[in-house]
Structure formats: C-alpha cells, structure tokens
file work.cif (mmCIF, N, CA and C atoms)
data_final
loop_
_atom_site.label_atom_id
_atom_site.label_comp_id
_atom_site.auth_asym_id
_atom_site.auth_seq_id
_atom_site.Cartn_x
_atom_site.Cartn_y
_atom_site.Cartn_z
N MET I 77 -32.68 52.38 99.40
CA MET I 77 -32.89 52.87 98.07
C MET I 77 -31.93 52.17 97.12
N THR I 78 -32.22 52.28 95.82
CA THR I 78 -31.42 51.63 94.81
C THR I 78 -30.61 52.65 94.01
N TYR I 79 -29.35 52.35 93.83
CA TYR I 79 -28.45 53.12 92.98
C TYR I 79 -28.19 52.26 91.74
N LYS I 80 -28.34 52.84 90.55
CA LYS I 80 -28.06 52.10 89.32
C LYS I 80 -27.20 52.94 88.39
N ALA I 81 -26.27 52.26 87.73
CA ALA I 81 -25.40 52.91 86.74
C ALA I 81 -25.27 51.97 85.55
N TRP I 82 -25.30 52.53 84.35
CA TRP I 82 -25.10 51.71 83.15
C TRP I 82 -24.60 52.59 82.03
N THR I 83 -24.08 51.92 80.99
CA THR I 83 -23.55 52.65 79.84
C THR I 83 -24.12 52.08 78.55
N GLU I 84 -24.08 52.91 77.53
CA GLU I 84 -24.39 52.49 76.16
C GLU I 84 -23.11 52.71 75.35
N GLY I 85 -22.68 51.71 74.61
CA GLY I 85 -21.53 51.86 73.73
C GLY I 85 -20.19 51.85 74.43
N GLY I 86 -20.13 51.28 75.61
CA GLY I 86 -18.87 51.20 76.35
C GLY I 86 -19.09 50.48 77.65
N ASN I 87 -18.09 50.49 78.51
CA ASN I 87 -18.20 49.90 79.83
C ASN I 87 -18.08 50.99 80.89
N LEU I 88 -18.42 50.63 82.11
CA LEU I 88 -18.24 51.57 83.21
C LEU I 88 -16.75 51.72 83.51
N GLN I 89 -16.34 52.96 83.66
CA GLN I 89 -14.96 53.23 84.05
C GLN I 89 -14.89 53.45 85.56
N SER I 90 -15.85 54.23 86.09
CA SER I 90 -15.88 54.48 87.52
C SER I 90 -17.30 54.81 87.98
N VAL I 91 -17.58 54.43 89.22
CA VAL I 91 -18.85 54.74 89.87
C VAL I 91 -18.52 55.15 91.30
N ARG I 92 -19.03 56.28 91.74
CA ARG I 92 -18.87 56.72 93.13
C ARG I 92 -20.26 57.02 93.67
N HIS I 93 -20.57 56.48 94.85
CA HIS I 93 -21.88 56.74 95.42
C HIS I 93 -21.78 57.19 96.87
N ASP I 94 -22.67 58.12 97.23
CA ASP I 94 -22.76 58.65 98.58
C ASP I 94 -23.96 57.99 99.26
N TYR I 95 -23.76 57.50 100.47
CA TYR I 95 -24.84 56.88 101.22
C TYR I 95 -24.58 57.01 102.72
N THR I 96 -25.53 56.58 103.54
CA THR I 96 -25.38 56.64 104.99
C THR I 96 -24.93 55.29 105.50
N ASP I 97 -23.83 55.29 106.27
CA ASP I 97 -23.26 54.06 106.80
C ASP I 97 -23.40 54.03 108.32
N GLY I 98 -24.62 53.80 108.80
CA GLY I 98 -24.89 53.68 110.23
C GLY I 98 -24.28 54.80 111.05
N LEU I 99 -23.51 54.45 112.07
CA LEU I 99 -22.93 55.45 112.97
C LEU I 99 -21.84 56.28 112.31
N ASN I 100 -21.31 55.81 111.18
CA ASN I 100 -20.28 56.57 110.47
C ASN I 100 -20.85 57.78 109.74
N GLY I 101 -22.16 57.82 109.56
CA GLY I 101 -22.79 58.93 108.85
C GLY I 101 -22.63 58.81 107.35
N ALA I 102 -22.64 59.95 106.68
CA ALA I 102 -22.57 59.97 105.22
C ALA I 102 -21.16 59.63 104.76
N VAL I 103 -21.07 58.72 103.79
CA VAL I 103 -19.79 58.35 103.20
C VAL I 103 -19.90 58.39 101.68
N SER I 104 -18.78 58.62 101.02
CA SER I 104 -18.70 58.62 99.56
C SER I 104 -17.61 57.64 99.18
N VAL I 105 -18.00 56.58 98.47
CA VAL I 105 -17.02 55.54 98.16
C VAL I 105 -17.06 55.15 96.69
N PRO I 106 -15.90 54.77 96.14
CA PRO I 106 -15.90 54.23 94.78
C PRO I 106 -16.42 52.80 94.81
N ALA I 107 -17.14 52.41 93.79
CA ALA I 107 -17.67 51.05 93.68
C ALA I 107 -16.73 50.22 92.83
N LYS I 108 -16.72 48.92 93.07
CA LYS I 108 -15.99 47.99 92.19
C LYS I 108 -16.88 47.75 90.97
N VAL I 109 -16.39 48.12 89.80
CA VAL I 109 -17.20 47.98 88.59
C VAL I 109 -16.48 47.14 87.54
N SER I 110 -17.27 46.42 86.77
CA SER I 110 -16.78 45.73 85.58
C SER I 110 -17.97 45.54 84.67
N GLY I 111 -17.75 45.70 83.38
CA GLY I 111 -18.85 45.58 82.44
C GLY I 111 -19.61 46.87 82.26
N ALA I 112 -20.85 46.75 81.80
CA ALA I 112 -21.62 47.93 81.40
C ALA I 112 -22.71 48.32 82.40
N SER I 113 -22.85 47.59 83.53
CA SER I 113 -23.89 47.97 84.50
C SER I 113 -23.46 47.66 85.92
N TRP I 114 -24.06 48.39 86.88
CA TRP I 114 -23.77 48.24 88.30
C TRP I 114 -25.00 48.69 89.06
N SER I 115 -25.28 48.07 90.19
CA SER I 115 -26.35 48.55 91.06
C SER I 115 -26.06 48.14 92.49
N ALA I 116 -26.66 48.88 93.44
CA ALA I 116 -26.50 48.59 94.86
C ALA I 116 -27.72 49.12 95.59
N ARG I 117 -28.02 48.51 96.73
CA ARG I 117 -29.07 49.01 97.62
C ARG I 117 -28.40 49.48 98.89
N GLU I 118 -28.61 50.75 99.22
CA GLU I 118 -28.00 51.35 100.40
C GLU I 118 -29.01 52.30 101.03
N ASP I 119 -28.73 52.73 102.26
CA ASP I 119 -29.49 53.80 102.89
C ASP I 119 -28.94 55.10 102.33
N GLY I 120 -29.73 55.77 101.50
CA GLY I 120 -29.25 56.98 100.84
C GLY I 120 -29.17 58.20 101.73
N GLY I 121 -29.77 58.14 102.92
CA GLY I 121 -29.75 59.29 103.81
C GLY I 121 -30.49 60.48 103.21
N HIS I 122 -30.08 61.69 103.61
CA HIS I 122 -30.77 62.90 103.17
C HIS I 122 -30.34 63.40 101.80
N ALA I 123 -29.14 63.01 101.36
CA ALA I 123 -28.61 63.54 100.10
C ALA I 123 -27.88 62.47 99.30
N PRO I 124 -28.60 61.47 98.77
CA PRO I 124 -27.93 60.45 97.97
C PRO I 124 -27.35 61.05 96.69
N ARG I 125 -26.22 60.50 96.25
CA ARG I 125 -25.55 61.01 95.06
C ARG I 125 -24.84 59.85 94.37
N LEU I 126 -24.80 59.89 93.05
CA LEU I 126 -24.17 58.84 92.25
C LEU I 126 -23.48 59.49 91.06
N LYS I 127 -22.17 59.27 90.92
CA LYS I 127 -21.42 59.81 89.79
C LYS I 127 -20.89 58.64 88.96
N VAL I 128 -21.15 58.68 87.66
CA VAL I 128 -20.83 57.57 86.77
C VAL I 128 -19.99 58.07 85.59
N ALA I 129 -18.94 57.33 85.26
CA ALA I 129 -18.13 57.63 84.07
C ALA I 129 -17.99 56.35 83.25
N SER I 130 -18.05 56.51 81.93
CA SER I 130 -17.91 55.37 81.03
C SER I 130 -16.54 55.40 80.36
N THR I 131 -16.19 54.28 79.75
CA THR I 131 -14.95 54.21 78.99
C THR I 131 -15.16 54.83 77.62
N ASP I 132 -14.08 55.29 77.03
CA ASP I 132 -14.08 55.80 75.66
C ASP I 132 -15.21 56.78 75.39
N LYS I 133 -16.01 56.50 74.37
CA LYS I 133 -17.10 57.40 73.98
C LYS I 133 -18.46 56.86 74.40
N GLY I 134 -18.49 56.00 75.39
CA GLY I 134 -19.75 55.46 75.90
C GLY I 134 -20.61 56.55 76.53
N VAL I 135 -21.89 56.31 76.61
CA VAL I 135 -22.84 57.23 77.24
C VAL I 135 -23.23 56.66 78.60
N ALA I 136 -22.93 57.41 79.66
CA ALA I 136 -23.20 56.97 81.02
C ALA I 136 -24.60 57.39 81.45
N HIS I 137 -25.25 56.52 82.23
CA HIS I 137 -26.57 56.77 82.79
C HIS I 137 -26.51 56.55 84.30
N CYS I 138 -27.35 57.28 85.04
CA CYS I 138 -27.47 57.03 86.48
C CYS I 138 -28.94 57.12 86.89
N LEU I 139 -29.27 56.42 87.98
CA LEU I 139 -30.63 56.37 88.49
C LEU I 139 -30.59 56.22 90.00
N LEU I 140 -31.37 57.05 90.69
CA LEU I 140 -31.60 56.91 92.13
C LEU I 140 -33.08 56.63 92.31
N MET I 141 -33.41 55.51 92.99
CA MET I 141 -34.81 55.11 93.10
C MET I 141 -35.12 54.67 94.53
N GLU I 142 -36.25 55.15 95.06
CA GLU I 142 -36.73 54.74 96.38
C GLU I 142 -37.16 53.28 96.34
N ASP I 143 -37.26 52.64 97.49
CA ASP I 143 -37.67 51.25 97.57
C ASP I 143 -39.08 51.02 97.04
N ASP I 144 -39.92 52.07 97.06
CA ASP I 144 -41.29 51.95 96.55
C ASP I 144 -41.36 52.13 95.03
N GLY I 145 -40.20 52.31 94.38
CA GLY I 145 -40.17 52.45 92.93
C GLY I 145 -40.18 53.89 92.43
N ARG I 146 -40.32 54.85 93.34
CA ARG I 146 -40.34 56.26 92.94
C ARG I 146 -38.93 56.71 92.55
N VAL I 147 -38.81 57.28 91.36
CA VAL I 147 -37.52 57.76 90.85
C VAL I 147 -37.21 59.13 91.45
N LEU I 148 -36.06 59.24 92.11
CA LEU I 148 -35.62 60.52 92.68
C LEU I 148 -34.86 61.34 91.66
N ASP I 149 -34.03 60.67 90.87
CA ASP I 149 -33.29 61.36 89.81
C ASP I 149 -32.81 60.33 88.80
N GLN I 150 -32.85 60.71 87.54
CA GLN I 150 -32.33 59.86 86.46
C GLN I 150 -31.74 60.77 85.41
N ARG I 151 -30.52 60.47 84.99
CA ARG I 151 -29.84 61.33 84.01
C ARG I 151 -29.06 60.50 83.01
N LYS I 152 -28.87 61.11 81.85
CA LYS I 152 -28.08 60.53 80.77
C LYS I 152 -27.01 61.54 80.40
N GLY I 153 -25.75 61.10 80.39
CA GLY I 153 -24.66 62.01 80.08
C GLY I 153 -24.40 62.11 78.58
N ALA I 154 -23.49 62.99 78.23
CA ALA I 154 -23.04 63.11 76.85
C ALA I 154 -21.95 62.06 76.61
N ALA I 155 -21.74 61.68 75.37
CA ALA I 155 -20.75 60.66 75.02
C ALA I 155 -19.38 61.01 75.58
N GLY I 156 -18.79 60.07 76.32
CA GLY I 156 -17.46 60.26 76.88
C GLY I 156 -17.40 61.14 78.10
N GLN I 157 -18.54 61.61 78.62
CA GLN I 157 -18.56 62.52 79.76
C GLN I 157 -19.22 61.85 80.97
N PRO I 158 -18.75 62.18 82.20
CA PRO I 158 -19.39 61.63 83.39
C PRO I 158 -20.77 62.26 83.60
N VAL I 159 -21.60 61.58 84.38
CA VAL I 159 -22.93 62.07 84.69
C VAL I 159 -23.17 61.88 86.19
N THR I 160 -23.92 62.80 86.82
CA THR I 160 -24.19 62.73 88.25
C THR I 160 -25.67 62.83 88.53
N CYS I 161 -26.16 61.92 89.36
CA CYS I 161 -27.53 61.98 89.88
C CYS I 161 -27.44 62.36 91.36
N SER I 162 -28.38 63.18 91.81
CA SER I 162 -28.43 63.54 93.23
C SER I 162 -29.86 63.88 93.60
N ALA I 163 -30.14 63.84 94.88
CA ALA I 163 -31.48 64.14 95.37
C ALA I 163 -31.41 64.64 96.80
N GLN I 164 -32.43 65.36 97.22
CA GLN I 164 -32.61 65.76 98.60
C GLN I 164 -33.85 65.04 99.11
N ARG I 165 -33.74 64.37 100.25
CA ARG I 165 -34.88 63.62 100.78
C ARG I 165 -35.36 64.23 102.07
#

call {"tool": "encode", "arguments": {"input": "work.cif", "output": "structure tokens"}}
result
Amino acid sequence: MTYKAWTEGGNLQSVRHDYTDGLNGAVSVPAKVSGASWSAREDGGHAPRLKVASTDKGVAHCLLMEDDGRVLDQRKGAAGQPVTCSAQR
C-alpha cells in the first residue's frame, strides 16, 4: 500500500507511519522528511496508520491507499496542527 504526506503553506516537520515488517510484525517508525511531500510503499498490515505534522502554520495532509488505487483514508488537518490517517483492513 502507499502512504502519502504533504503540506500546504509549509514543509513537513515529522511523519510517523505504522506498517508490517515481515517477522518483526507491526512497527511504528519516524520517516526521514524534507520539503513539502513524502511517500512510501509498505505492507500496511491490518491497521496502517500515518501521522503528519507541518512546520509553522502549514496545513498537513495524509493519505493511505491500496495498491489498486482504493483510498482507505484521507484527511486534511487544521493550520499548524498534526493530522492522522488510519484504517482497518
């Protein structure tokens, strides 16, 4: 599945995503971010989650999408506030 994060009016400050890491099971890790957008393809497992924060008064967005293009969750945060996308599969 695809995890996407982006901002309007600022840059990404932090991105944390939960995914399945083979035999290690579910893990939650911070992503290396720079600029206004980030994306990754991972095995989301049963409960994918993505938390995004922007710098300053930027508006953070998040998107969780299946490989077939079906959107599991998409959200837009308030200015300067973090936003979280999550789904149950």

call {"tool": "resolve_selection", "arguments": {"input": "work.cif", "expression": "the PyMOL selection byres (((chain I and resi 156 and name CA) around 8) and name CA)", "output": "ChimeraX atom specification"}}
result
/I:129-136,154-155,157-158

call {"tool": "closest_residue", "arguments": {"input": "work.cif", "among": "I:Lys127, I:Asp119, I:Leu148, I:Asp143", "to": "Thr160 of chain I", "atoms": "only N, CA and C atoms"}}
result
I:Lys127

call {"tool": "residues_around", "arguments": {"input": "work.cif", "residues": "segment 94-110 of chain I", "least_positions_apart": "4", "cutoff": "7 Å", "atoms": "only C-alpha atoms", "output": "PDB file with N, CA and C atoms, keeping the file's coordinate frame"}}
result
ATOM      1  N   LEU I  88     -18.420  50.630  82.110  1.00  0.00           N
ATOM      2  CA  LEU I  88     -18.240  51.570  83.210  1.00  0.00           C
ATOM      3  C   LEU I  88     -16.750  51.720  83.510  1.00  0.00           C
ATOM      4  N   SER I  90     -15.850  54.230  86.090  1.00  0.00           N
ATOM      5  CA  SER I  90     -15.880  54.480  87.520  1.00  0.00           C
ATOM      6  C   SER I  90     -17.300  54.810  87.980  1.00  0.00           C
ATOM      7  N   TRP I 114     -24.060  48.390  86.880  1.00  0.00           N
ATOM      8  CA  TRP I 114     -23.770  48.240  88.300  1.00  0.00           C
ATOM      9  C   TRP I 114     -25.000  48.690  89.060  1.00  0.00           C
ATOM     10  N   GLU I 118     -28.610  50.750  99.220  1.00  0.00           N
ATOM     11  CA  GLU I 118     -28.000  51.350 100.400  1.00  0.00           C
ATOM     12  C   GLU I 118     -29.010  52.300 101.030  1.00  0.00           C
ATOM     13  N   ASP I 119     -28.730  52.730 102.260  1.00  0.00           N
ATOM     14  CA  ASP I 119     -29.490  53.800 102.890  1.00  0.00           C
ATOM     15  C   ASP I 119     -28.940  55.100 102.330  1.00  0.00           C
ATOM     16  N   GLY I 120     -29.730  55.770 101.500  1.00  0.00           N
ATOM     17  CA  GLY I 120     -29.250  56.980 100.840  1.00  0.00           C
ATOM     18  C   GLY I 120     -29.170  58.200 101.730  1.00  0.00           C
ATOM     19  N   GLY I 121     -29.770  58.140 102.920  1.00  0.00           N
ATOM     20  CA  GLY I 121     -29.750  59.290 103.810  1.00  0.00           C
ATOM     21  C   GLY I 121     -30.490  60.480 103.210  1.00  0.00           C
ATOM     22  N   PRO I 124     -28.600  61.470  98.770  1.00  0.00           N
ATOM     23  CA  PRO I 124     -27.930  60.450  97.970  1.00  0.00           C
ATOM     24  C   PRO I 124     -27.350  61.050  96.690  1.00  0.00           C
ATOM     25  N   ARG I 125     -26.220  60.500  96.250  1.00  0.00           N
ATOM     26  CA  ARG I 125     -25.550  61.010  95.060  1.00  0.00           C
ATOM     27  C   ARG I 125     -24.840  59.850  94.370  1.00  0.00           C
ATOM     28  N   LEU I 126     -24.800  59.890  93.050  1.00  0.00           N
ATOM     29  CA  LEU I 126     -24.170  58.840  92.250  1.00  0.00           C
ATOM     30  C   LEU I 126     -23.480  59.490  91.060  1.00  0.00           C
TER      31      LEU I 126
END

call {"tool": "select_by_dssp", "arguments": {"input": "work.cif", "residues": "chain I", "states": "strand (DSSP E)", "output": "NGL selection string"}}
result
:I and (78-84 or 88-96 or 102-106 or 113-117 or 125-130 or 135-141 or 147-152 or 159-162)

call {"tool": "atom_distance", "arguments": {"input": "work.cif", "atom1": "atom CA of Val159 of chain I", "atom2": "atom CA of His137 of chain I"}}
result
6.7 Å

call {"tool": "atom_distance", "arguments": {"input": "work.cif", "atom1": "atom CA of Arg117 of chain I", "atom2": "atom CA of Leu140 of chain I"}}
result
9.9 Å
